[in-house]
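Engineer: File data.txt below, compact mmCIF, C-alpha atoms:
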# COMPACT_ATOMS: atom_id res chain seq x y z
CA MET P 1 -33.59 -137.26 -132.44
CA ALA P 2 -34.15 -134.31 -134.75
CA THR P 3 -36.28 -134.71 -137.84
CA SER P 4 -36.52 -132.42 -140.81
CA HIS P 5 -39.45 -131.70 -143.09
CA ILE P 6 -38.62 -132.16 -146.75
CA SER P 7 -41.31 -130.88 -149.06
CA SER P 8 -41.81 -131.59 -152.72
CA LEU P 9 -40.52 -128.11 -153.50
CA ASP P 10 -37.28 -128.90 -151.68
CA MET P 11 -37.03 -132.03 -153.80
CA VAL P 12 -37.43 -130.01 -157.01
CA GLU P 13 -34.75 -127.56 -155.88
CA THR P 14 -32.42 -130.39 -154.90
CA PHE P 15 -32.88 -132.63 -157.90
CA GLY P 16 -33.72 -130.03 -160.52
CA PRO P 17 -36.86 -129.58 -162.61
CA ARG P 18 -38.61 -132.69 -163.84
CA PRO P 19 -40.59 -133.29 -167.02
CA VAL P 20 -44.31 -132.65 -166.76
CA PRO P 21 -45.88 -135.83 -165.36
CA GLU P 22 -48.78 -137.55 -167.03
CA ILE P 23 -51.05 -139.73 -164.89
CA VAL P 24 -52.68 -142.66 -166.67
CA ALA P 25 -55.19 -145.19 -165.42
CA ALA P 26 -53.84 -148.47 -164.06
CA GLY P 27 -54.36 -151.51 -166.24
CA SER P 28 -54.28 -149.66 -169.54
CA THR P 29 -51.98 -150.95 -172.24
CA LYS P 30 -49.20 -148.86 -173.71
CA GLU P 31 -51.22 -148.35 -176.90
CA ASP P 32 -54.44 -147.18 -175.25
CA ARG P 33 -53.11 -145.09 -172.39
CA SER P 34 -55.12 -141.93 -172.16
CA PRO P 35 -54.54 -139.36 -169.44
CA MET P 36 -57.08 -139.06 -166.66
CA THR P 37 -58.46 -135.64 -165.87
CA LEU P 38 -57.66 -134.77 -162.27
CA GLU P 39 -59.68 -131.97 -160.73
CA VAL P 40 -58.24 -129.93 -157.90
CA LEU P 41 -60.34 -127.59 -155.78
CA LEU P 42 -58.93 -124.07 -155.69
CA ALA P 43 -60.18 -121.86 -152.84
CA THR P 44 -58.84 -118.38 -153.58
CA GLU P 45 -59.90 -114.95 -154.74
CA SER P 46 -56.76 -113.95 -156.60
CA ALA P 47 -54.32 -116.80 -157.35
CA GLY P 48 -56.37 -118.68 -159.94
CA GLU P 49 -54.90 -117.22 -163.11
CA GLY P 50 -51.26 -118.05 -162.30
CA LEU P 51 -52.17 -121.57 -161.23
CA ARG P 52 -54.33 -122.18 -164.31
CA ALA P 53 -51.40 -121.13 -166.50
CA ALA P 54 -49.09 -123.50 -164.58
CA VAL P 55 -51.29 -126.54 -165.28
CA ALA P 56 -52.21 -125.68 -168.87
CA GLY P 57 -51.79 -128.67 -171.17
CA THR P 58 -51.76 -131.22 -168.32
CA PRO P 59 -54.45 -133.53 -166.87
CA TRP P 60 -54.91 -131.15 -163.93
CA THR P 61 -57.95 -128.85 -163.88
CA PHE P 62 -59.34 -126.53 -161.22
CA ALA P 63 -62.80 -126.15 -159.76
CA GLU P 64 -62.80 -122.75 -158.12
CA VAL P 65 -64.55 -121.41 -155.03
CA THR P 66 -64.00 -118.17 -153.15
CA ASN P 67 -64.76 -119.08 -149.53
CA ALA P 68 -64.23 -121.82 -146.96
CA SER P 69 -67.86 -122.98 -146.72
CA ASP P 70 -68.11 -123.50 -150.50
CA ALA P 71 -64.82 -125.41 -150.38
CA ALA P 72 -66.15 -127.67 -147.63
CA GLU P 73 -69.32 -128.39 -149.65
CA SER P 74 -67.40 -129.00 -152.89
CA ILE P 75 -65.03 -131.66 -151.54
CA ARG P 76 -67.87 -134.06 -150.75
CA GLY P 77 -68.25 -135.26 -154.33
CA MET P 78 -64.63 -135.06 -155.45
CA ARG P 79 -62.92 -138.27 -156.49
CA ALA P 80 -59.47 -136.94 -155.57
CA PRO P 81 -59.88 -134.36 -152.82
CA ILE P 82 -56.81 -132.17 -153.31
CA VAL P 83 -57.56 -128.62 -152.21
CA LEU P 84 -55.41 -125.52 -152.64
CA ILE P 85 -56.46 -122.87 -150.11
CA ASP P 86 -55.26 -119.31 -150.07
CA GLN P 87 -53.58 -118.27 -146.85
CA ASP P 88 -55.57 -115.03 -147.05
CA LEU P 89 -58.95 -116.48 -148.06
CA ALA P 90 -61.64 -113.88 -147.31
CA GLY P 91 -63.68 -114.54 -144.21
CA SER P 92 -61.49 -117.32 -142.85
CA ARG P 93 -57.96 -117.91 -141.63
CA TRP P 94 -56.13 -120.76 -143.39
CA LEU P 95 -56.06 -122.72 -140.15
CA ASP P 96 -59.85 -122.53 -139.74
CA THR P 97 -60.37 -123.55 -143.37
CA LEU P 98 -57.97 -126.48 -142.94
CA ARG P 99 -59.86 -127.68 -139.84
CA LEU P 100 -63.21 -127.36 -141.61
CA LEU P 101 -62.04 -129.34 -144.65
CA ARG P 102 -60.44 -132.09 -142.58
CA ALA P 103 -63.60 -132.41 -140.47
CA ARG P 104 -65.78 -132.62 -143.58
CA ARG P 105 -63.86 -135.28 -145.54
CA ARG P 106 -61.46 -138.03 -144.52
CA GLY P 107 -58.26 -138.02 -146.56
CA VAL P 108 -58.55 -134.49 -147.90
CA CYS P 109 -55.16 -133.23 -149.06
CA VAL P 110 -54.83 -129.51 -148.27
CA ILE P 111 -52.08 -127.34 -149.75
CA VAL P 112 -51.81 -123.76 -148.49
CA LEU P 113 -51.04 -121.02 -151.03
CA ALA P 114 -48.85 -118.35 -149.43
CA SER P 115 -46.59 -115.42 -150.12
CA PRO P 116 -42.98 -115.85 -149.02
CA GLN P 117 -42.72 -115.05 -145.31
CA GLY P 118 -39.56 -112.95 -145.63
CA SER P 119 -36.92 -115.51 -144.73
CA ALA P 120 -36.15 -119.17 -145.25
CA ALA P 121 -36.65 -119.78 -141.52
CA ALA P 122 -40.11 -118.17 -141.57
CA ASP P 123 -41.08 -120.18 -144.67
CA ARG P 124 -39.92 -123.36 -142.93
CA ARG P 125 -41.95 -122.48 -139.80
CA LEU P 126 -45.09 -122.01 -141.91
CA ARG P 127 -44.53 -125.38 -143.62
CA GLU P 128 -44.03 -127.04 -140.24
CA GLU P 129 -47.19 -125.41 -138.85
CA VAL P 130 -49.25 -126.54 -141.87
CA ALA P 131 -47.92 -130.11 -141.52
CA ARG P 132 -48.51 -130.13 -137.76
CA ARG P 133 -52.14 -129.08 -138.30
CA GLY P 134 -52.77 -131.82 -140.85
CA GLY P 135 -52.10 -129.96 -144.10
CA PHE P 136 -49.98 -131.42 -146.87
CA ASP P 137 -47.60 -128.60 -147.81
CA VAL P 138 -47.27 -124.93 -148.74
CA LEU P 139 -46.96 -123.56 -152.28
CA PHE P 140 -45.27 -120.16 -152.32
CA ARG P 141 -45.88 -117.33 -154.78
CA PRO P 142 -44.85 -116.63 -157.46
CA PHE P 143 -46.07 -119.97 -158.82
CA GLN P 144 -43.63 -121.79 -161.08
CA ARG P 145 -44.94 -124.50 -163.40
CA ALA P 146 -42.44 -127.15 -162.23
CA ASP P 147 -43.19 -126.43 -158.56
CA VAL P 148 -46.96 -126.58 -159.02
CA LEU P 149 -46.93 -129.79 -161.08
CA SER P 150 -44.39 -131.54 -158.86
CA LEU P 151 -46.38 -130.72 -155.74
CA LEU P 152 -49.68 -131.86 -157.29
CA VAL P 153 -48.19 -135.18 -158.41
CA PHE P 154 -46.54 -135.67 -155.02
CA ALA P 155 -49.80 -134.86 -153.21
CA TYR P 156 -51.72 -137.22 -155.47
CA ALA P 157 -49.25 -140.04 -154.86
CA GLN P 158 -49.17 -139.55 -151.09
CA CYS P 159 -52.82 -138.81 -150.38
CA ARG P 160 -54.55 -141.29 -152.69
CA ILE P 161 -53.95 -144.08 -150.19
CA SER P 162 -56.90 -142.89 -148.11
CA TRP P 163 -59.24 -142.19 -151.03
CA THR P 164 -61.70 -145.04 -151.24
CA ARG P 165 -63.55 -143.97 -154.39
CA PHE P 166 -60.54 -143.27 -156.58
CA PRO P 167 -59.06 -145.64 -159.17
CA ARG P 168 -55.77 -147.14 -158.15
CA VAL P 169 -52.78 -145.71 -160.03
CA HIS P 170 -49.45 -147.45 -159.65
CA CYS P 171 -46.02 -145.83 -159.76
CA ALA P 172 -45.34 -147.64 -163.03
CA ASP P 173 -48.35 -145.84 -164.52
CA VAL P 174 -46.93 -142.36 -163.92
CA CYS P 175 -45.17 -141.61 -167.18
CA ALA P 176 -42.93 -138.61 -167.74
CA THR P 177 -43.52 -136.54 -170.85
CA GLY P 178 -41.56 -133.51 -171.98
CA SER P 179 -42.92 -130.05 -171.35
Please re-express this file's structure in structure tokens.

Structural biologist:
Amino acid sequence: MATSHISSLDMVETFGPRPVPEIVAAGSTKEDRSPMTLEVLLATESAGEGLRAAVAGTPWTFAEVTNASDAAESIRGMRAPIVLIDQDLAGSRWLDTLRLLRARRRGVCVIVLASPQGSAAADRRLREEVARRGGFDVLFRPFQRADVLSLLVFAYAQCRISWTRFPRVHCADVCATGS
């Protein structure tokens, strides 16, 4: 039986762009809902500016590091360990960085930042390889706001199940707001 890998980016392309999501803490009333700040670790030397622009005005923020060992140290204290790693991170292949992060912290959600591979088939192979090695997905350049935000929300929703120190957020608490 053949299976196919559907990523959050495929979902955005299929269903069209969505409003910018706002994550709010579970148990808050409609009147006092205030967005949580969600920090994502960004391990890159060059992609930070485009990603920061994509999340501007949202609860998402980035803590930035420039190498794999700093990334591995930084995820220890993170409440929501979502990590964006550059495919071309200096001093380390993405696969080695992914292994290091997964060995350091249970439930880490790793998204690989990559340039398009030249064809849809090559992009699909990279996504499959990342998934097979325990990564979450691939985010391709150039970064589009809807793609970045959709993937972060999808990663948060999927990976939070294994995060023991993170407040529970229910689907009903993810409210759409216009962008």

Engineer: Can you work out which one of P:Leu95, P:Val108, P:Val40, P:Leu51 has the shortest atom-to-atom distance to Val148 of chain P, counting all atoms listed in the file?

Structural biologist: P:Leu51

Engineer: I'd like the neighbourhood of segment 89-91 of chain P as an MDAnalysis selection string, where a residue qualifies if any of its atoms comes within 9 Å (using all atoms listed in the file), though same-chain residues fewer than 3 positions away should be ignored.

Structural biologist: chainID P and resid 43:45 66:68 85:86 94 97

Engineer: Near Ala120 of chain P, counting all atoms listed in the file, which residues have an atom at most 12 Å away, once you skip same-chain residues fewer than 5 positions from it, shown as a list in words?

Structural biologist: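 In the requested form, the answer reads Asp10, Arg125, Leu126, Arg127 and Phe140 of chain P.
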
Engineer: As an MDAnalysis selection string, please: the residues near Ser74 of chain P (cut-off 10 Å, all atoms listed in the file, same-chain neighbours under 3 positions excluded).

Structural biologist: chainID P and resid 41 63:65 68:71 77:78 81 83 101

Engineer: When distances are computed from only C-alpha atoms, which of P:Cys109, P:Asp88, P:Arg93, P:Glu73 shows the smallest separation from Cys159 of chain P?

Structural biologist: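 For Cys159 of chain P, the nearest of the given residues is P:Cys109.
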
Engineer: Do you know which residues are at most 9 Å from Leu98 of chain P counting only C-alpha atoms, after dropping those on the same chain fewer than 5 positions away, and could you put them as a tab-separated table (two decimals) with C-alpha atoms, in the coordinates of the input?

Structural biologist:
chain	number	residue	atom	x	y	z
P	68	ALA	CA	-64.23	-121.82	-146.96
P	85	ILE	CA	-56.46	-122.87	-150.11
P	93	ARG	CA	-57.96	-117.91	-141.63
P	103	ALA	CA	-63.60	-132.41	-140.47
P	110	VAL	CA	-54.83	-129.51	-148.27
P	112	VAL	CA	-51.81	-123.76	-148.49
P	130	VAL	CA	-49.25	-126.54	-141.87
P	133	ARG	CA	-52.14	-129.08	-138.30
P	134	GLY	CA	-52.77	-131.82	-140.85
P	135	GLY	CA	-52.10	-129.96	-144.10

Engineer: For Ala53 of chain P, work out the shell of residues within 12 Å, counting all atoms listed in the file and skipping chain neighbours fewer than 5 positions away, then give it as an MDAnalysis selection string.

Structural biologist: chainID P and resid 47:48 58 60:62 143:146 148:149

Engineer: Could you tell me how far atom CA of Leu113 of chain P sits from atom CA of Leu84 of chain P, in Å to one decimal place?

Structural biologist: 6.5 Å

Engineer: From the list P:Pro142, P:Glu39, P:Ala121, P:Arg132, which residue is nearest Tyr156 of chain P when using only C-alpha atoms?

Structural biologist: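 Of P:Pro142, P:Glu39, P:Ala121, P:Arg132, the one nearest Tyr156 of chain P, counting only C-alpha atoms, is P:Glu39.
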
Engineer: Measure the distance from atom CA of Val153 of chain P to atom CA of Arg76 of chain P in Å and round it to one decimal.

Structural biologist: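 Distance between the two atoms: 21.1 Å.
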
Engineer: Mind giving me the straight-line distance from atom CA of Ala155 of chain P to atom CA of Ile82 of chain P in Å, one decimal?

Structural biologist: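 Calculated distance between atom CA of Ala155 of chain P and atom CA of Ile82 of chain P is 7.5 Å.
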